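Chemist: Take this structure, written in structure tokens, and hold onto it; I'll ask about it next.
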Amino acid sequence: MKGITAKKQQRQSFELQLHLQKYGTIYAFAALIIINMLLNHNFASLGTLWNLTIQVLPTMLTSLGMVLVISSGGIDISVGSVMAISAVISGMVLTGKVPVVGSGVGIAVAFALLCAMLLGLFNGILISYFKIQPIIVTLILFIAGRGIAQLLNAGGTIVFYNNKFTEIALYRIGGVVPIQLFISLFFVLVIIFLLKKTTFGYYIQAIGENPRASRLSGIRTTGVLLSIYVISALFAGLAGLFESSRASCADPNSIGVLAELDAIAAVAIGGTSMSGGKAHIMGTVFGALIIQLVSIMVNMNNIPFAYSRIFKAVIIIVAVYLQREKRS
Amino acid sequence: MKDNYLLEMKQVDKRFPGVHALDHVDFRVRAGEIHGLMGENGAGKSTLMKVLTGLYRMDEGEIRLAKKAVSFDRPLDSQKAGISTIYQEINLISYLSIAENIYLGREIMNRTGIDWKAINQGASEILEEMGVKADVTQPLCTYGTAVQQMVAIARVIFAQAKLVVMDEPTSSLDEKEVAILFRQMHKLKEKGISIIFISHRLDEVFEICDTVTVLKDGKLVSEDAIKNLTKLELVSRMIGRDATDVLKRKKGQFEGEQTEILFEVQQIDDGSKLHGVSLGIRRGEILGLAGLLGSGRTELAKVIFGDNPSYTGKLMIDGKAVHWKAPRDAITHKLAYCSEDRKAEGVFPHMSIRENLTMAILPGIARGGVVDSKQQKKIVNEYINRLSIKTSDPEQLIRNLSGGNQQKVLLSRWLCMEPGFIILDEPTRGIDIGAKSEIEMLIQDISQRGISVLLISSELEELVRNCHRVVVIRDGLNIGELEGDALSEKGIMQTIAQAVTQAEEDVG
């Protein structure tokens with residue numbers, strides 16, 4: 001009798017572990033919300049929710065790019081610098097500092113994203129064709145990119161008022177729901193579709209799991225890797241645009257600072273292995289929400305901002321501990 | 001022999017979700033004996049050994065080592081208790097030197113730190129005693145699998161274990177190396193050390209073991225002294241039915257002498273292992289490629305499949321010269337290659353059976369880059385049935401399958417693209433006799449369907465049993481070809497031996 005209960009308990013603990021691995025991030029998010037509601041009675045309002053969806057968008061976008069990169073067995077620490085460059089370039093176009101292309105919003109966005117993709121191409125070529133380790137290649141752009149962003153406008157912040165561009169970030173559907181919610185949803189769905197339904201999605205994970213077997217299965221590993229870094233940079237570029245649009249300015253010194261670490265943290269909290277393999281999209285989404293929620297929580301309770309980093313670190317440790325691969 | 005048991009495992013029970021991996025198994029090993037542990041893949045051998053070494057925790061049961069009850073939470077605990085393990089896949093660190101590998105975790109220290117002189121000297125002495133010639137200061141990866149396996153054994157000897165678990169230690173060794181290994185095993189035995197020996201090669205088990213325990217489906221079948229067993233009895237116990245029909249099978253008649261040559265290899269030289277090898281294969285033919293380790297068999301396969309594009313010579317398909325830049329070019333021309341190294345070049349461990357099985361055919365079942373999941377599921381189910389892959393769910397991760405079933409998934413990966421020519425590199429290595437016979441039957445079946453097969457194998461028996469024709473190579477060059485009545489194990493061995501003598505005479 002005793003043996004049977006022991007076995008039952010053991011099986012239950014195993015199932016609990018699996019359950020936590022799958023849904024742990026969602027529980028953590030819920031727990032954070034509850035803690036916040038207890039700490040601060042103003043928290044439980046729709047306004048806070050809209051705030052969260054608005055503020056999380058840049059982190060959400062960079063995390064979605066990052067989860068592809070990490071799934072393929074790589075890393076991209078240049079996303080913060082790419083955000084800054086794309087923001088500054090869009091600002092320069094909008095304020096007419098790039099004479100050739102004009103100063104329309106569409107052109108500014110297109111030009112900024114094109115530049116971001118070129119930076120991704122730079123990463124991708126060095127990583128896939130020249131086989132340099134991703135952390136080194138993206139470190140180069142991490143260092144140089146911030147410098148380029150600062151040099152582009154002689155280190156100054158570009159301010160743009162009363163512009164169609166800034167209206168994008170302020171737009172609320174029906175005057176209530178921020179557009180950011182739909183943008184986030186849209187890109188989450190795009191990435192889920194990409195990973196679950198397309199050959200490209202299969203290949204990303206395959207390369208992360210076993211590059212030799214991928215090549216022997218006929219996968220164009222260099223092409224796939226190249227595309228992944230271009231996509232990551234494109235998402236970083238978008239993030240930079242939304243960040244500057246919301247702030248009505250592009251400050252090369254502050255946009256995207258530490259964004260790469262938030263993105264990596266979101267992916268880690270979400271349960272994707274840092275050594276490559278299966279990409280957990282919903283985990284990453286809630287990971288990004290948790291990271292942002294910590295910042296909001298610190299703000300609302302007048303805790304010095306520096307503490308938010310320590311909170312994030314604790315959350316990462318707990319998340320990675322819960323999701324570690326269990327030995328039987 | 002007196003029943004002086006070093007190890008007693010009693011009523012060991014272990015369940016995984018959905019699988020009863022060990023069902024109250026009794027297993028015991030006497031002091032100073034070599035004990036064979038046999039069973040098909042999935043019989044529970046590895047699980048039992050993982051329970052023993054502390055990698056898994058058992059649900060129920062008892063382990064006694066030298067009469068004392070023990071329980072290991074971690075592999076380190078079992079190592080401290082005197083149990084050492086040598087795995088099939090070598091668990092050493094390739095960029096450390098041989099000496100460092102042997103002494104890892106047990107470094108000799110002097111006042112200033114690690115005493116490299118003592119370590120290097122100690123390591124050379126150990127290897128010398130084993131009859132292995134190698135420079136112990138060189139990184140391990142500069143040596144082949146055989147030396148690496150010997151280093152793993154040297155580590156065990158050095159660790160002064162009481163009980164050594166050897167999980168398929170011979171699967172990557174050639175005959176000479178196996179002989180060296182067996183000599184070492186005898187030495188260990190003389191010192192009173194017990195060995196648990198796991199192997200799929202029956203001859204080896206009969207040669208080296210004193211006692212054999214057979215497991216099937218997680219249950220104990222029998223424990224016997226080897227002298228009371230015949231080969232046929234042992235195999236029948238392992239597969240649970242009469243084995244006569246498994247070991248004797250006739251290959252299908254090949255009446256394709258008139259059919260045209262599908263693929264031709266002319267004077268291939270890759271500048272290292274291949275020096276002008278040529279061969280031609282007819283439609284539906286099973287062509288064997290024989291030769292000692294290092295003769296260039298796998299290298300040739302890699303040239304044919306486009307994995308190594310830098311070579312001189314000519315590849316021709318249907319009489320037209322081709323040159324692939326990468327394996328995918330070969331795949332578009334309906335070539336397939338099932339690698340000898342399942343782990344490094346085959347499986348995507350954390351992906352499902354479905355994903356693994358369809359990895360090479362994805363472009364064929366996708367429209368605009370979007371995979372047709374209905375068609376995908378159909379293919380997966382078809383091949384799970386056709387090759388009788390044992391699984392409850394195609395969404396199961398491939399790494400949870402036994403070696404034989406993993407191999408079937410990989411074979412399916414290539415067969416589902418309906419190739420014209422498939423290269424099978426050691427397709428039955430490290431898999432149990434039941435799965436092996438199924439795979440051999442499959443080879444006959446694909447040949448019947450008009451697919452050409454290039455079969456690379458170290459097992460001469462396997463080549464003779466399956467091939468219509470065998471080409472023997474040595475140092476990257478053809479040295480003979482056998483067909484019809486001349487095709488026998490003895491014939492292949494003689495061809496290799498003659499060429500060796502010839503070469504020695506040429507040099508002398």
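Every chain in the structure tokens has a letter given in the order shown (A, B, ...), and although residue numbers restart at 1 in each chain, ligands are simply numbered from 1 in the order shown.
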Report the closest atom pair, with its distance in Å rounded to one decimal, for each residue of chain A that has an atom no farther than 6 Å from chain B; count only C-alpha atoms, sort by chain and then rising residue number, and write it as JSON lines.
Modeler:
{"residue": "A:Lys197", "atom": "CA", "partner": "B:Val371", "partner_atom": "CA", "distance": 5.6}
{"residue": "A:Thr198", "atom": "CA", "partner": "B:Val370", "partner_atom": "CA", "distance": 4.2}
{"residue": "A:Thr199", "atom": "CA", "partner": "B:Gly369", "partner_atom": "CA", "distance": 5.5}
{"residue": "A:Glu209", "atom": "CA", "partner": "B:Phe348", "partner_atom": "CA", "distance": 5.6}
{"residue": "A:Asn210", "atom": "CA", "partner": "B:Phe348", "partner_atom": "CA", "distance": 5.9}
{"residue": "A:Arg212", "atom": "CA", "partner": "B:Glu345", "partner_atom": "CA", "distance": 5.4}
{"residue": "A:Ala213", "atom": "CA", "partner": "B:Glu345", "partner_atom": "CA", "distance": 4.2}
{"residue": "A:Leu216", "atom": "CA", "partner": "B:Pro327", "partner_atom": "CA", "distance": 5.7}
{"residue": "A:Ser217", "atom": "CA", "partner": "B:Ala360", "partner_atom": "CA", "distance": 4.8}
{"residue": "A:Gly218", "atom": "CA", "partner": "B:Arg328", "partner_atom": "CA", "distance": 3.8}
{"residue": "A:Ser328", "atom": "CA", "partner": "B:Tyr56", "partner_atom": "CA", "distance": 5.4}
Chemist: According to DSSP computed on the backbone, where in range 340-449 of chain B is there helix (DSSP H, G or I)? Give the residues as a ChimeraX atom specification.
Modeler: /B:342-345,353-357,362-365,373-386,398-400,403-415,433-448
Chemist: I'd like to know which residues of range 321-448 of chain B are strand (DSSP E or B) (by DSSP, run on the backbone); could you write them as a list in words?
Modeler: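 The strand (DSSP E or B) subset of range 321-448 of chain B is Ala321, Val322, Leu335, Ala336, Tyr337, Cys338, Ser352, Ala366, Arg367, Val370, Val371, Leu397, Phe421, Ile422, Ile423, Leu424 and Asp425 of chain B.
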Chemist: So which one's closest to Ser97 in chain B, B:Phe421, B:Trp324, B:Tyr143, B:Phe72? Using only C-alpha atoms, please.
Modeler: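 Nearest candidate to Ser97 in chain B out of B:Phe421, B:Trp324, B:Tyr143, B:Phe72: B:Tyr143.
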Chemist: Please list as a list in words every residue within 10 Å of Val188 in chain A, counting only C-alpha atoms and excluding residues in the same chain fewer than 4 positions away.
Modeler: Met60, Leu61, Leu64, Phe182, Ile183, Ser184, Ile192, Phe193, Leu194, Ile281, Met282, Thr284 and Val285 of chain A
Chemist: With distances taken over only C-alpha atoms, which of A:Ile290, A:Gly201, A:Gln55, A:Ile228 is nearest to Val267 in chain A?
Modeler: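 Of all the options, A:Ile290 lies closest to Val267 in chain A.
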Chemist: So that I can check the surroundings of Leu65 in chain B, please list as a list in words every protein, DNA and RNA residue that reaches within 9 Å of it, counting only C-alpha atoms and ignoring chain neighbours fewer than 3 positions away.
Modeler: Tyr5, Leu6, Leu7, Glu8, Met9, Lys68, Ala69, Val70 and Ala81 of chain B
Chemist: Just N, CA and C atoms for this one: save the residues we selected as a CSV table (one decimal), in the first residue's frame.
Modeler:
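Ended up saving to selection_25.csv:
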chain,number,residue,atom,x,y,z
B,5,TYR,N,28.8,-12.8,-4.5
B,5,TYR,CA,28.2,-11.8,-5.3
B,5,TYR,C,28.8,-10.4,-4.9
B,6,LEU,N,29.3,-9.7,-5.9
B,6,LEU,CA,29.8,-8.3,-5.7
B,6,LEU,C,28.6,-7.4,-5.7
B,7,LEU,N,27.7,-7.7,-6.7
B,7,LEU,CA,26.6,-6.8,-6.9
B,7,LEU,C,25.3,-7.6,-6.9
B,8,GLU,N,24.3,-7.1,-6.1
B,8,GLU,CA,23.0,-7.7,-6.2
B,8,GLU,C,22.0,-6.6,-6.3
B,9,MET,N,21.2,-6.7,-7.4
B,9,MET,CA,20.1,-5.8,-7.6
B,9,MET,C,18.8,-6.6,-7.5
B,68,LYS,N,26.6,-4.7,1.0
B,68,LYS,CA,26.1,-3.5,1.7
B,68,LYS,C,25.0,-2.9,0.9
B,69,ALA,N,23.9,-2.5,1.5
B,69,ALA,CA,22.9,-1.8,0.7
B,69,ALA,C,23.4,-0.4,0.4
B,70,VAL,N,23.2,-0.1,-0.9
B,70,VAL,CA,23.7,1.3,-1.3
B,70,VAL,C,22.5,1.9,-2.1
B,81,ALA,N,31.9,4.8,-5.1
B,81,ALA,CA,31.8,3.4,-4.5
B,81,ALA,C,32.5,2.4,-5.4
Chemist: What is the distance, in Å and to one decimal place, between CA of Ser248 in chain A and CA of Phe111 in chain A?
Modeler: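 Taking CA of Ser248 in chain A and CA of Phe111 in chain A, their separation equals 18.1 Å.
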Chemist: Hey, what's within 10 Å of Glu285 in chain B if we count only C-alpha atoms and toss same-chain stuff fewer than 4 positions away? As a PyMOL selection string, please?
Modeler: chain B and resi 254-257+259+261-262+281+421+444+446-448+450-454+467-469
Chemist: If you keep C-alpha atoms, can you produce a file of those selected residues as a PDB file, in the first residue's frame?
Modeler:
ATOM      1  CA  PHE B 254      19.077  -9.909 -58.768  1.00  0.00           C
ATOM      2  CA  GLU B 255      18.300 -10.297 -62.399  1.00  0.00           C
ATOM      3  CA  GLY B 256      19.462  -6.869 -63.303  1.00  0.00           C
ATOM      4  CA  GLU B 257      22.710  -7.727 -65.067  1.00  0.00           C
ATOM      5  CA  THR B 259      19.802  -3.110 -66.606  1.00  0.00           C
ATOM      6  CA  ILE B 261      24.182   1.596 -64.782  1.00  0.00           C
ATOM      7  CA  LEU B 262      22.463   4.271 -62.698  1.00  0.00           C
ATOM      8  CA  ILE B 281      25.893   0.643 -59.550  1.00  0.00           C
ATOM      9  CA  PHE B 421      19.829   5.549 -55.021  1.00  0.00           C
ATOM     10  CA  GLN B 444      15.828  -6.363 -49.900  1.00  0.00           C
ATOM     11  CA  ILE B 446      13.771  -1.418 -51.515  1.00  0.00           C
ATOM     12  CA  SER B 447      16.012  -3.172 -53.993  1.00  0.00           C
ATOM     13  CA  GLN B 448      12.957  -5.035 -55.308  1.00  0.00           C
ATOM     14  CA  GLY B 450      14.152  -0.721 -58.218  1.00  0.00           C
ATOM     15  CA  ILE B 451      16.091   1.478 -55.812  1.00  0.00           C
ATOM     16  CA  SER B 452      19.871   1.069 -55.943  1.00  0.00           C
ATOM     17  CA  VAL B 453      21.535   0.536 -52.578  1.00  0.00           C
ATOM     18  CA  LEU B 454      25.159   1.113 -51.646  1.00  0.00           C
ATOM     19  CA  CYS B 467      24.511  -7.808 -51.358  1.00  0.00           C
ATOM     20  CA  HIS B 468      24.359  -8.837 -54.984  1.00  0.00           C
ATOM     21  CA  ARG B 469      27.946  -7.719 -55.454  1.00  0.00           C
TER      22      ARG B 469
END
Chemist: With distances taken over only C-alpha atoms, which residue among A:Gly80, A:Pro99, A:Gly287, A:Gly174 lies nearest Tyr23 in chain A?
Modeler: A:Gly287
Chemist: As an MDAnalysis selection string, please: the residues near range 399-404 of chain B (cut-off 9 Å, only C-alpha atoms, same-chain neighbours under 3 positions excluded).
Modeler: chainID B and resid 40:42 342 347:353 389:391 396 407:409 428 430:432 434:436
Chemist: Counting only C-alpha atoms, what is within 7 Å of Met66 in chain A, bar same-chain residues fewer than 6 positions away, as a count of residues only?
Modeler: 4
Chemist: To one decimal place, how far is CA of Glu15 in chain A from CA of Tyr321 in chain A in Å?
Modeler: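 Atom-to-atom, CA of Glu15 in chain A and CA of Tyr321 in chain A are spaced 16.2 Å apart.
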Chemist: Kindly give the distance, in Å, that separates CA of Thr62 in chain A and CA of Val224 in chain A, rounded to a single decimal.
Modeler: 18.8 Å
